[in-house]
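Engineer: final-v9.cif is reproduced in full below (mmCIF, C-alpha atoms and all ligand atoms).
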```
data_model
#
loop_
_atom_site.group_PDB
_atom_site.id
_atom_site.type_symbol
_atom_site.label_atom_id
_atom_site.label_comp_id
_atom_site.auth_asym_id
_atom_site.auth_seq_id
_atom_site.Cartn_x
_atom_site.Cartn_y
_atom_site.Cartn_z
ATOM 1 C CA MET C 211 -4.290 1.135 27.411
ATOM 2 C CA LYS C 212 -7.663 1.312 25.751
ATOM 3 C CA LEU C 213 -8.764 4.861 25.013
ATOM 4 C CA PRO C 214 -12.325 5.704 24.082
ATOM 5 C CA LEU C 215 -12.672 6.972 20.547
ATOM 6 C CA THR C 216 -13.293 10.705 20.678
ATOM 7 C CA LYS C 217 -14.996 10.667 17.314
ATOM 8 C CA LYS C 218 -16.298 7.477 15.795
ATOM 9 C CA GLN C 219 -16.709 8.412 12.193
ATOM 10 C CA LYS C 220 -19.501 6.891 10.251
ATOM 11 C CA ALA C 221 -17.849 5.618 7.138
ATOM 12 C CA PRO C 222 -19.382 6.719 3.847
ATOM 13 C CA ALA C 223 -21.282 3.988 2.021
ATOM 14 C CA VAL C 224 -18.412 2.788 -0.120
ATOM 15 C CA PRO C 225 -18.937 -0.733 -1.471
ATOM 16 C CA ILE C 226 -15.791 -2.867 -1.244
ATOM 17 C CA VAL C 227 -15.765 -4.848 -4.459
ATOM 18 C CA PRO C 228 -12.843 -7.015 -5.627
ATOM 19 C CA ARG C 229 -12.135 -6.573 -9.336
ATOM 20 C CA ARG C 230 -9.943 -8.785 -11.470
ATOM 21 C CA MET C 231 -8.222 -6.499 -13.966
ATOM 22 C CA GLY C 232 -5.740 -8.786 -15.743
ATOM 23 C CA PHE C 233 -3.291 -5.974 -16.543
ATOM 24 C CA ASP C 234 -0.918 -6.639 -19.388
ATOM 25 C CA PHE C 235 2.613 -5.295 -18.979
ATOM 26 C CA SER C 236 4.023 -6.964 -22.072
ATOM 27 C CA GLY C 237 5.008 -3.646 -23.697
ATOM 28 C CA VAL C 238 6.923 -2.456 -20.629
ATOM 29 C CA LYS C 239 10.632 -3.069 -20.009
ATOM 30 C CA ASN C 240 12.011 -3.005 -16.489
ATOM 31 C CA THR C 241 14.758 -0.668 -17.642
ATOM 32 C CA ASP C 242 12.120 1.963 -18.544
ATOM 33 C CA TYR C 243 11.655 4.680 -15.983
ATOM 34 C CA TRP C 244 7.877 4.524 -16.098
ATOM 35 C CA PHE C 245 7.266 7.247 -13.490
ATOM 36 C CA ASP C 246 8.083 10.694 -14.900
ATOM 37 C CA ASN C 247 11.103 9.193 -16.635
ATOM 38 C CA ASP C 248 12.721 9.362 -13.221
ATOM 39 C CA PRO C 249 14.894 6.565 -11.777
ATOM 40 C CA VAL C 250 14.337 7.489 -8.108
ATOM 41 C CA LEU C 251 10.516 7.552 -8.250
ATOM 42 C CA THR C 252 10.344 4.509 -10.515
ATOM 43 C CA HIS C 253 12.600 2.331 -8.386
ATOM 44 C CA LEU C 254 10.967 3.486 -5.153
ATOM 45 C CA LEU C 255 7.533 2.367 -6.359
ATOM 46 C CA ASN C 256 8.999 -0.791 -7.912
ATOM 47 C CA ILE C 257 10.461 -1.720 -4.538
ATOM 48 C CA LEU C 258 7.154 -1.014 -2.775
ATOM 49 C CA SER C 259 5.420 -3.186 -5.358
ATOM 50 C CA LEU C 260 7.770 -6.068 -4.514
ATOM 51 C CA THR C 261 6.506 -6.096 -0.928
ATOM 52 C CA PHE C 262 2.810 -6.216 -1.890
ATOM 53 C CA PRO C 263 2.131 -9.891 -2.704
ATOM 54 C CA ASP C 264 3.635 -11.262 0.525
ATOM 55 C CA GLY C 265 2.655 -8.226 2.580
ATOM 56 C CA GLU C 266 -0.961 -8.310 1.467
ATOM 57 C CA ARG C 267 -1.191 -12.045 2.155
ATOM 58 C CA PHE C 268 -0.067 -11.205 5.684
ATOM 59 C CA PHE C 269 -2.801 -8.521 5.918
ATOM 60 C CA VAL C 270 -5.432 -10.999 4.744
ATOM 61 C CA ASP C 271 -4.335 -13.685 7.202
ATOM 62 C CA SER C 272 -4.272 -11.273 10.144
ATOM 63 C CA VAL C 273 -7.814 -10.060 9.399
ATOM 64 C CA ARG C 274 -9.146 -13.534 8.642
ATOM 65 C CA ALA C 275 -7.751 -14.863 11.944
ATOM 66 C CA LEU C 276 -9.919 -12.486 13.997
ATOM 67 C CA ARG C 277 -12.948 -11.828 11.811
ATOM 68 C CA ASP C 278 -15.098 -14.120 13.955
ATOM 69 C CA GLN C 279 -15.076 -11.350 16.600
ATOM 70 C CA VAL C 280 -17.500 -9.394 14.428
ATOM 71 C CA THR C 281 -21.145 -10.416 14.177
ATOM 72 C CA ASP C 282 -22.511 -7.527 12.110
ATOM 73 C CA LYS C 283 -23.423 -8.734 8.616
ATOM 74 C CA GLU C 284 -22.386 -5.537 6.827
ATOM 75 C CA ARG C 285 -18.991 -5.591 8.533
ATOM 76 C CA GLN C 286 -18.543 -9.245 7.566
ATOM 77 C CA LYS C 287 -19.343 -8.315 3.981
ATOM 78 C CA ASP C 288 -16.728 -5.541 4.104
ATOM 79 C CA ILE C 289 -14.155 -7.960 5.510
ATOM 80 C CA SER C 290 -14.857 -10.390 2.657
ATOM 81 C CA GLY C 291 -14.462 -7.478 0.227
ATOM 82 C CA PHE C 292 -11.153 -6.528 1.844
ATOM 83 C CA ILE C 293 -9.852 -10.104 1.581
ATOM 84 C CA GLY C 294 -10.926 -10.360 -2.057
ATOM 85 C CA GLN C 295 -9.362 -7.020 -2.992
ATOM 86 C CA GLU C 296 -6.021 -7.762 -1.333
ATOM 87 C CA ALA C 297 -5.923 -11.177 -3.025
ATOM 88 C CA MET C 298 -6.403 -9.450 -6.386
ATOM 89 C CA HIS C 299 -3.692 -6.885 -5.572
ATOM 90 C CA SER C 300 -1.249 -9.701 -4.825
ATOM 91 C CA LEU C 301 -2.005 -11.320 -8.193
ATOM 92 C CA GLU C 302 -1.758 -8.182 -10.314
ATOM 93 C CA HIS C 303 1.390 -6.904 -8.588
ATOM 94 C CA GLN C 304 2.966 -10.343 -8.934
ATOM 95 C CA ALA C 305 2.679 -9.967 -12.708
ATOM 96 C CA PHE C 306 4.322 -6.533 -12.490
ATOM 97 C CA ASN C 307 6.999 -7.820 -10.095
ATOM 98 C CA ASP C 308 7.876 -10.676 -12.462
ATOM 99 C CA LEU C 309 8.689 -7.985 -14.983
ATOM 100 C CA ILE C 310 10.863 -6.032 -12.523
ATOM 101 C CA ALA C 311 12.758 -9.207 -11.624
ATOM 102 C CA GLU C 312 13.840 -10.003 -15.173
ATOM 103 C CA GLY C 313 17.561 -9.923 -15.976
ATOM 104 C CA LYS C 314 19.278 -6.815 -14.752
ATOM 105 C CA TYR C 315 17.781 -6.644 -11.251
ATOM 106 C CA ASP C 316 17.084 -10.319 -10.508
ATOM 107 C CA ASP C 317 19.529 -10.643 -7.589
ATOM 108 C CA ILE C 318 18.321 -7.421 -5.929
ATOM 109 C CA VAL C 319 14.697 -8.531 -6.264
ATOM 110 C CA ALA C 320 15.509 -11.985 -4.848
ATOM 111 C CA HIS C 321 17.273 -10.373 -1.895
ATOM 112 C CA ALA C 322 14.367 -7.951 -1.249
ATOM 113 C CA LEU C 323 11.834 -10.786 -1.361
ATOM 114 C CA ALA C 324 13.947 -12.922 0.981
ATOM 115 C CA VAL C 325 14.151 -10.092 3.527
ATOM 116 C CA THR C 326 10.392 -9.478 3.307
ATOM 117 C CA ASN C 327 9.638 -13.168 3.728
ATOM 118 C CA LYS C 328 11.939 -13.490 6.695
ATOM 119 C CA LEU C 329 10.407 -10.526 8.489
ATOM 120 C CA LEU C 330 6.841 -11.620 7.840
ATOM 121 C CA ALA C 331 7.615 -15.183 8.924
ATOM 122 C CA GLY C 332 9.084 -13.765 12.142
ATOM 123 C CA ALA C 333 5.964 -11.637 12.703
ATOM 124 C CA ARG C 334 3.680 -14.631 12.151
ATOM 125 C CA LYS C 335 5.734 -16.724 14.564
ATOM 126 C CA HIS C 336 6.434 -14.288 17.376
ATOM 127 C CA LEU C 337 3.535 -11.806 17.407
ATOM 128 C CA SER C 338 0.093 -12.546 18.797
ATOM 129 C CA LYS C 339 -2.820 -12.476 16.340
ATOM 130 C CA ARG C 340 -3.839 -9.164 17.885
ATOM 131 C CA ARG C 341 -0.435 -7.587 17.297
ATOM 132 C CA GLN C 342 -0.341 -8.903 13.749
ATOM 133 C CA LEU C 343 -3.667 -7.147 13.211
ATOM 134 C CA ALA C 344 -2.281 -3.959 14.794
ATOM 135 C CA ALA C 345 0.618 -4.066 12.309
ATOM 136 C CA THR C 346 -1.830 -4.601 9.454
ATOM 137 C CA ALA C 347 -3.988 -1.654 10.564
ATOM 138 C CA GLY C 348 -0.886 0.569 10.678
ATOM 139 C CA LEU C 349 0.388 -0.518 7.268
ATOM 140 C CA GLU C 350 -3.087 -0.143 5.824
ATOM 141 C CA HIS C 351 -2.987 3.480 6.954
ATOM 142 C CA PHE C 352 0.332 3.848 5.158
ATOM 143 C CA THR C 353 -1.055 2.375 1.925
ATOM 144 C CA ALA C 354 -4.237 4.468 2.257
ATOM 145 C CA ILE C 355 -2.338 7.749 2.522
ATOM 146 C CA LEU C 356 -0.042 6.783 -0.333
ATOM 147 C CA ALA C 357 -3.175 5.977 -2.352
ATOM 148 C CA ASP C 358 -4.660 9.335 -1.396
ATOM 149 C CA ALA C 359 -1.443 11.114 -2.410
ATOM 150 C CA ILE C 360 -1.655 9.463 -5.840
ATOM 151 C CA LEU C 361 -5.374 10.064 -6.433
ATOM 152 C CA ARG C 362 -5.230 13.701 -5.365
ATOM 153 C CA ARG C 363 -2.452 14.456 -7.814
ATOM 154 C CA PRO C 364 -3.501 14.119 -11.463
ATOM 155 C CA ASP C 365 -0.263 15.917 -12.302
ATOM 156 C CA LEU C 366 1.638 12.950 -10.857
ATOM 157 C CA ILE C 367 -0.607 10.300 -12.388
ATOM 158 C CA ASN C 368 -0.195 11.895 -15.793
ATOM 159 C CA LYS C 369 3.552 11.450 -15.462
ATOM 160 C CA MET C 370 3.214 7.668 -15.243
ATOM 161 C CA ASP C 371 3.552 5.461 -18.309
ATOM 162 C CA PRO C 372 -0.064 4.572 -19.248
ATOM 163 C CA ALA C 373 0.783 0.846 -19.256
ATOM 164 C CA VAL C 374 1.682 0.996 -15.561
ATOM 165 C CA ARG C 375 -0.521 3.883 -14.428
ATOM 166 C CA ASP C 376 -3.751 1.851 -14.379
ATOM 167 C CA LEU C 377 -2.225 -0.668 -11.951
ATOM 168 C CA TRP C 378 -1.450 2.077 -9.430
ATOM 169 C CA VAL C 379 -4.704 3.971 -9.903
ATOM 170 C CA TRP C 380 -6.779 0.776 -9.543
ATOM 171 C CA HIS C 381 -4.820 -0.243 -6.445
ATOM 172 C CA ALA C 382 -5.116 3.258 -4.953
ATOM 173 C CA ILE C 383 -8.907 3.247 -5.483
ATOM 174 C CA GLU C 384 -9.343 -0.091 -3.720
ATOM 175 C CA GLU C 385 -7.006 0.845 -0.855
ATOM 176 C CA THR C 386 -9.266 3.859 -0.338
ATOM 177 C CA GLU C 387 -12.436 1.755 -0.446
ATOM 178 C CA HIS C 388 -11.266 -0.625 2.260
ATOM 179 C CA LYS C 389 -9.059 1.715 4.293
ATOM 180 C CA ALA C 390 -11.009 1.296 7.544
ATOM 181 C CA VAL C 391 -11.581 -2.474 7.513
ATOM 182 C CA ALA C 392 -8.459 -3.628 9.393
ATOM 183 C CA TYR C 393 -8.568 -0.587 11.665
ATOM 184 C CA ASP C 394 -12.191 -1.133 12.701
ATOM 185 C CA LEU C 395 -11.533 -4.812 13.367
ATOM 186 C CA TYR C 396 -8.535 -3.886 15.499
ATOM 187 C CA GLN C 397 -10.684 -1.449 17.483
ATOM 188 C CA ASP C 398 -13.200 -4.232 18.052
ATOM 189 C CA VAL C 399 -10.746 -6.871 19.217
ATOM 190 C CA SER C 400 -8.418 -4.601 21.182
ATOM 191 C CA GLY C 401 -8.387 -0.859 20.626
ATOM 192 C CA ASP C 402 -5.235 -0.634 22.732
ATOM 193 C CA TYR C 403 -3.736 2.743 21.831
ATOM 194 C CA LEU C 404 -0.114 2.083 22.766
ATOM 195 C CA GLU C 405 -0.068 -1.265 21.011
ATOM 196 C CA ARG C 406 -1.517 0.367 17.888
ATOM 197 C CA GLN C 407 1.175 3.077 17.946
ATOM 198 C CA ARG C 408 4.013 0.642 18.614
ATOM 199 C CA ALA C 409 2.965 -1.545 15.719
ATOM 200 C CA PHE C 410 2.545 1.499 13.455
ATOM 201 C CA LEU C 411 5.924 3.003 14.298
ATOM 202 C CA PHE C 412 7.762 -0.278 13.956
ATOM 203 C CA SER C 413 6.019 -1.225 10.704
ATOM 204 C CA THR C 414 6.594 2.105 9.017
ATOM 205 C CA ALA C 415 10.198 2.304 10.263
ATOM 206 C CA TYR C 416 10.756 -1.094 8.682
ATOM 207 C CA LEU C 417 9.089 -0.088 5.433
ATOM 208 C CA ILE C 418 11.111 3.137 5.181
ATOM 209 C CA SER C 419 14.437 1.375 5.899
ATOM 210 C CA PHE C 420 13.615 -1.447 3.516
ATOM 211 C CA SER C 421 12.487 0.849 0.688
ATOM 212 C CA SER C 422 15.447 3.200 1.088
ATOM 213 C CA TYR C 423 17.999 0.401 1.119
ATOM 214 C CA PHE C 424 16.660 -1.511 -1.874
ATOM 215 C CA THR C 425 15.847 1.590 -3.918
ATOM 216 C CA TRP C 426 19.460 2.619 -3.430
ATOM 217 C CA GLN C 427 20.616 -0.808 -4.644
ATOM 218 C CA MET C 428 18.537 -0.403 -7.796
ATOM 219 C CA LEU C 429 19.893 3.108 -8.369
ATOM 220 C CA LYS C 430 23.446 1.874 -7.931
ATOM 221 C CA ARG C 431 22.803 -0.868 -10.460
ATOM 222 C CA ASP C 432 21.846 1.877 -12.924
ATOM 223 C CA ASN C 433 24.871 3.983 -11.941
ATOM 224 C CA VAL C 434 22.562 6.785 -10.858
ATOM 225 C CA HIS C 435 24.701 7.229 -7.731
ATOM 226 C CA LYS C 436 27.342 8.664 -10.066
ATOM 227 C CA LYS C 437 24.882 11.180 -11.529
ATOM 228 C CA PRO C 438 24.301 13.707 -8.731
ATOM 229 C CA LEU C 439 21.967 15.929 -10.733
ATOM 230 C CA THR C 440 19.639 13.055 -11.688
ATOM 231 C CA LEU C 441 19.713 11.839 -8.113
ATOM 232 C CA ALA C 442 19.018 15.280 -6.657
ATOM 233 C CA ARG C 443 16.132 15.856 -9.080
ATOM 234 C CA GLY C 444 14.523 12.539 -8.149
ATOM 235 C CA LEU C 445 15.017 13.117 -4.431
ATOM 236 C CA TRP C 446 13.409 16.539 -4.721
ATOM 237 C CA LYS C 447 10.383 15.042 -6.517
ATOM 238 C CA GLY C 448 10.061 12.439 -3.774
ATOM 239 C CA PHE C 449 10.996 14.369 -0.673
ATOM 240 C CA GLY C 450 11.022 18.065 -1.559
ATOM 241 C CA TYR C 451 8.169 20.575 -1.629
ATOM 242 C CA ARG C 452 4.928 18.771 -2.643
ATOM 243 C CA GLY C 453 6.979 15.595 -3.099
ATOM 244 C CA VAL C 454 5.337 12.184 -3.468
ATOM 245 C CA ILE C 455 6.546 11.078 -0.034
ATOM 246 C CA SER C 456 6.998 14.373 1.840
ATOM 247 C CA GLY C 457 3.380 15.239 0.959
ATOM 248 C CA ILE C 458 2.042 12.352 3.053
ATOM 249 C CA ILE C 459 3.800 13.268 6.315
ATOM 250 C CA PRO C 460 0.822 15.177 7.852
ATOM 251 C CA ALA C 461 -1.536 12.282 7.054
ATOM 252 C CA TRP C 462 1.024 9.835 8.450
ATOM 253 C CA LEU C 463 1.077 11.801 11.717
ATOM 254 C CA SER C 464 -2.724 11.763 11.977
ATOM 255 C CA TYR C 465 -2.593 8.076 12.919
ATOM 256 C CA LEU C 466 -0.938 9.082 16.202
ATOM 257 C CA LYS C 467 -4.078 10.873 17.397
ATOM 258 C CA PRO C 468 -5.952 8.919 20.087
ATOM 259 C CA GLY C 469 -9.354 9.391 18.421
ATOM 260 C CA PHE C 470 -8.129 8.767 14.886
ATOM 261 C CA HIS C 471 -10.370 7.053 12.345
ATOM 262 C CA PRO C 472 -9.424 6.408 8.686
ATOM 263 C CA TRP C 473 -12.621 8.097 7.461
ATOM 264 C CA ASP C 474 -11.864 11.312 9.383
ATOM 265 C CA ASP C 475 -10.567 12.195 5.946
ATOM 266 C CA ASP C 476 -13.514 11.423 3.696
ATOM 267 C CA ASN C 477 -11.818 11.195 0.317
ATOM 268 C CA SER C 478 -14.445 8.836 -1.134
ATOM 269 C CA ALA C 479 -15.217 11.286 -3.976
ATOM 270 C CA LEU C 480 -11.821 10.399 -5.488
ATOM 271 C CA ILE C 481 -12.972 6.811 -6.020
ATOM 272 C CA GLU C 482 -15.637 7.513 -8.648
ATOM 273 C CA GLU C 483 -13.607 10.296 -10.165
ATOM 274 C CA TRP C 484 -10.737 7.956 -11.020
ATOM 275 C CA ARG C 485 -12.677 4.757 -11.693
ATOM 276 C CA LYS C 486 -13.899 6.336 -14.930
ATOM 277 C CA SER C 487 -10.307 6.415 -16.179
ATOM 278 C CA LEU C 488 -9.846 2.653 -15.800
ATOM 279 C CA PRO C 489 -10.692 -0.144 -18.231
ATOM 280 C CA GLU C 490 -13.612 -2.416 -17.350
ATOM 281 C CA PRO C 491 -12.590 -5.197 -14.958
ATOM 282 C CA LYS C 492 -12.269 -8.727 -16.367
ATOM 283 C CA ALA C 493 -14.398 -9.869 -13.433
ATOM 284 C CA LYS C 494 -15.967 -8.493 -10.277
ATOM 285 C CA ASN C 495 -16.168 -10.188 -6.876
ATOM 286 C CA ALA C 496 -13.223 -12.193 -8.148
ATOM 287 C CA ALA C 497 -11.839 -13.237 -4.770
HETATM 288 FE FE FE S 501 -3.690 -3.714 -1.543
HETATM 289 FE FE FE S 502 -5.131 -2.677 1.719
#
```
Take the structure in this file and express it as C-alpha cells.
Structural biologist:
Amino acid sequence: MKLPLTKKQKAPAVPIVPRRMGFDFSGVKNTDYWFDNDPVLTHLLNILSLTFPDGERFFVDSVRALRDQVTDKERQKDISGFIGQEAMHSLEHQAFNDLIAEGKYDDIVAHALAVTNKLLAGARKHLSKRRQLAATAGLEHFTAILADAILRRPDLINKMDPAVRDLWVWHAIEETEHKAVAYDLYQDVSGDYLERQRAFLFSTAYLISFSSYFTWQMLKRDNVHKKPLTLARGLWKGFGYRGVISGIIPAWLSYLKPGFHPWDDDNSALIEEWRKSLPEPKAKNAA
C-alpha cells in the first residue's frame, strides 16, 4: 500500500561529511561505569555499541544496493556521505567494542555478536533488497531519535566520562546529519506504508529484546541483580520520568504516521551547537 506523503519536508541544508576521529580509549577500563557511574545505563549503551559495526555495514549495503534508483546528483552525494559516515562509525565503535570485550565480559560479547551476525545474515538471505532497506530506514529512525535524545540533554552528556562522551556526541551528530537518507531512498524505491511499518516494528522489537537480554547478562556478571537499589536507580534513569529511553517514546511513535518525514523535526541546530565541543577530526571525507 503506497500512501502519498501528506507533507514532504524539505530537508535543511545539512552537509553529510564523514569524519575520521581516531578516538583513543586507552585510559578507559571496561569495568568503569562511564555513564553517570551507573551500571544500567553504561551496559545498555555498551550493548548498543556492540551492534553498530555489523548493523551499520548492513545499513550501508542495503542503501548501496538500491542507490542506482536515484539520479539526482545532490541525493547521490548525500548517499555517499551516508555510506562514508556509517563506515567511520563502524571503525570507531569497533575500537570501543574491543575494549568492552576484554576479560570479564568476553563470552557475553561473543554471544551478542554471534546473535547479531546470525540475524543479519538471515535478513540478507531471506529479505528482498527493498525490505532490507525498509529495515534500515526504521533502524535509522531509532538511531536518529536516540541521537536527538542525547544532543538535547547536556545534563546527560555531562554525566558521561569525557573519554567516551566524544564518541557518542560525534556519532549522534552524524546520525542527525544523515537521518533522512535511507528513508528518502526507501520512499523512492517503494514507499509502501505497511511494509515500512512491519520492518520498523520487527526491527525495533528485535533491538529492544536483544538489548534487554544482553544488558541483563552484563548486570548479572557484575552482581547488580543482587543490588536492588542500584538496579532500581538505573532503571529509573533509563525508563522513568525524563529517562534516556522513556524520553524517546513519542518520537518513536511519530514514525507510524503515514506522512512522516525525518526532518518533520528539524533539530539541525543541535549539530553546530555540539560540534564545537568535539576535537578536530583526523580526516574529513574519510570514507
Ligand atoms: Fe551510525
Ligand atoms: Fe545512521
Engineer: Name each residue within 6 Å of ligand FE 501 (chain S), counting all atoms listed in the file, as a list in words.
Structural biologist: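 Answer in the requested format: Glu296, His299 and Glu385 of chain C.
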Engineer: Hey, which of C:Arg362, C:Val273, C:Glu312, C:Ala354 ends up closest to Glu483 in chain C? Count all atoms listed in the file.
Structural biologist: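 Ranked by minimum distance to Glu483 in chain C, first place goes to C:Arg362.
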Engineer: So how far away is CA of Leu480 in chain C from CA of Glu302 in chain C, in Å?
Structural biologist: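 Calculated distance between CA of Glu302 in chain C and CA of Leu480 in chain C is 21.7 Å.
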Engineer: Which is closest to Val224 in chain C among C:Ser236, C:Gln342, C:Ser478, C:Thr252, if we use only C-alpha atoms?
Structural biologist: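 The shortest atom-to-atom distance to Val224 in chain C comes from C:Ser478.
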Engineer: Each residue of chain C with at least one atom at most 12 Å from ligand FE 502 (chain S) should appear once, together with its nearest atom pair and the corresponding distance in Å (one decimal); atoms considered: all atoms listed in the file; ordering: chain, then increasing residue number; output as a tab-separated table.
Structural biologist:
```
residue	atom	partner	partner_atom	distance
C:Ile226	CA	S:FE502	FE	11.1
C:Pro228	CA	S:FE502	FE	11.5
C:Phe262	CA	S:FE502	FE	9.4
C:Pro263	CA	S:FE502	FE	11.2
C:Gly265	CA	S:FE502	FE	9.6
C:Glu266	CA	S:FE502	FE	7.0
C:Arg267	CA	S:FE502	FE	10.2
C:Phe268	CA	S:FE502	FE	10.7
C:Phe269	CA	S:FE502	FE	7.6
C:Val270	CA	S:FE502	FE	8.9
C:Val273	CA	S:FE502	FE	11.0
C:Ile289	CA	S:FE502	FE	11.1
C:Gly291	CA	S:FE502	FE	10.6
C:Phe292	CA	S:FE502	FE	7.1
C:Ile293	CA	S:FE502	FE	8.8
C:Gly294	CA	S:FE502	FE	10.3
C:Gln295	CA	S:FE502	FE	7.7
C:Glu296	CA	S:FE502	FE	6.0
C:Ala297	CA	S:FE502	FE	9.8
C:Met298	CA	S:FE502	FE	10.6
C:His299	CA	S:FE502	FE	8.5
C:Ser300	CA	S:FE502	FE	10.4
C:Thr346	CA	S:FE502	FE	8.6
C:Ala347	CA	S:FE502	FE	9.0
C:Gly348	CA	S:FE502	FE	10.4
C:Leu349	CA	S:FE502	FE	8.1
C:Glu350	CA	S:FE502	FE	5.2
C:His351	CA	S:FE502	FE	8.4
C:Phe352	CA	S:FE502	FE	9.2
C:Thr353	CA	S:FE502	FE	6.5
C:Ala354	CA	S:FE502	FE	7.2
C:Ile355	CA	S:FE502	FE	10.8
C:Leu356	CA	S:FE502	FE	10.9
C:Ala357	CA	S:FE502	FE	9.8
C:Trp380	CA	S:FE502	FE	11.9
C:His381	CA	S:FE502	FE	8.5
C:Ala382	CA	S:FE502	FE	8.9
C:Ile383	CA	S:FE502	FE	10.1
C:Glu384	CA	S:FE502	FE	7.3
C:Glu385	CA	S:FE502	FE	4.7
C:Thr386	CA	S:FE502	FE	8.0
C:Glu387	CA	S:FE502	FE	8.8
C:His388	CA	S:FE502	FE	6.5
C:Lys389	CA	S:FE502	FE	6.4
C:Ala390	CA	S:FE502	FE	9.2
C:Val391	CA	S:FE502	FE	8.7
C:Ala392	CA	S:FE502	FE	8.4
C:Tyr393	CA	S:FE502	FE	10.7
```
